[in-house]
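**Q** One structure is given below, represented as structure tokens, and several questions about it will come after.
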Amino acid sequence: MSRIDRLEFKKVLYKLRESGSFSNHEIDEIENVFYGSLHESGPSAGISSSEMEKGIDYLKRRPENHHLSHDEIKKLEEVLRHYL
């Protein structure tokens, strides 16, 4: 099963920052959503496809808990899928 490791996740965040539409605060919010998955150890380390989907679903269903727009969530999902 494919997973996004910490290094790849840093690349994801770089691409989002580079696009110019994500603030540092929004990047921090994204890191917080996936923090647990990235800091697991052993074979479950990294963000799996199902963990990515759960994180994206959380962002879509709980807009009151973050500052990401619908378009930013869509862009995040596209970039994450590229690395899976």
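Each chain in the structure tokens gets a letter, A, B, ..., in the order shown, and its residues are numbered from 1; ligands are numbered from 1 in order too.
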When you look at region 45-57 of chain A with a cut-off of 6 Å (counting only C-alpha atoms), what residues show up, excluding the ones that are within fewer than 3 positions of it in the same chain? I need them as a list in words.

**A**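 Surrounding residues, per the criterion: Arg3, Ile4, Asp5, Ser37, Leu38, Glu40, Ser41, Gly42 and Lys60 of chain A.
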
**Q** The selected residues should be written to file as a tab-separated table (two decimals), in the first residue's frame (atoms: N, CA and C atoms).

**A**
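Listed below is the output, out.tsv:
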```tsv
chain	number	residue	atom	x	y	z
A	3	ARG	N	1.98	5.05	0.68
A	3	ARG	CA	1.81	6.03	1.76
A	3	ARG	C	2.64	7.27	1.46
A	4	ILE	N	2.19	8.39	1.96
A	4	ILE	CA	2.95	9.63	1.85
A	4	ILE	C	3.81	9.73	3.11
A	5	ASP	N	5.13	9.70	2.94
A	5	ASP	CA	6.02	9.80	4.11
A	5	ASP	C	6.28	11.27	4.45
A	37	SER	N	-0.89	10.75	11.56
A	37	SER	CA	-0.52	9.78	10.54
A	37	SER	C	0.97	9.85	10.21
A	38	LEU	N	1.51	11.06	10.18
A	38	LEU	CA	2.91	11.24	9.83
A	38	LEU	C	3.86	10.79	10.93
A	40	GLU	N	3.31	8.19	13.09
A	40	GLU	CA	3.19	6.78	13.46
A	40	GLU	C	4.53	6.11	13.18
A	41	SER	N	4.75	4.98	13.81
A	41	SER	CA	6.01	4.26	13.55
A	41	SER	C	5.72	2.93	12.88
A	42	GLY	N	6.75	2.35	12.36
A	42	GLY	CA	6.61	1.04	11.72
A	42	GLY	C	5.92	1.10	10.38
A	60	LYS	N	-13.71	19.14	4.74
A	60	LYS	CA	-14.94	19.49	4.01
A	60	LYS	C	-16.14	19.61	4.94
```

**Q** Report as a Markdown table the residues of region 3-49 of chain A within 9 Å of region 67-74 of chain A, each with its shortest atom pair and distance in Å (one decimal), using only C-alpha atoms, ordered by chain and increasing residue number.

**A**
```
| residue | atom | partner | partner_atom | distance |
| --- | --- | --- | --- | --- |
| A:Leu16 | CA | A:Glu72 | CA | 8.9 |
| A:Ser21 | CA | A:Glu72 | CA | 7.6 |
| A:Phe22 | CA | A:Glu72 | CA | 7.5 |
| A:His25 | CA | A:His67 | CA | 8.2 |
| A:Glu26 | CA | A:His67 | CA | 6.4 |
| A:Glu29 | CA | A:His67 | CA | 8.0 |
| A:Ile30 | CA | A:Leu68 | CA | 8.9 |
```

**Q** Could you tell me how far CA of Val12 (chain A) lies from CA of Asn65 (chain A), in Å and to one decimal?

**A**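 Straight-line distance from CA of Val12 (chain A) to CA of Asn65 (chain A) works out to 21.3 Å.
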
**Q** Choose the residue, out of A:Ser2, A:Asn32, A:Ile27, A:His82, that has the smallest atom-to-atom separation from Tyr58 (chain A); count only C-alpha atoms.

**A** A:Asn32
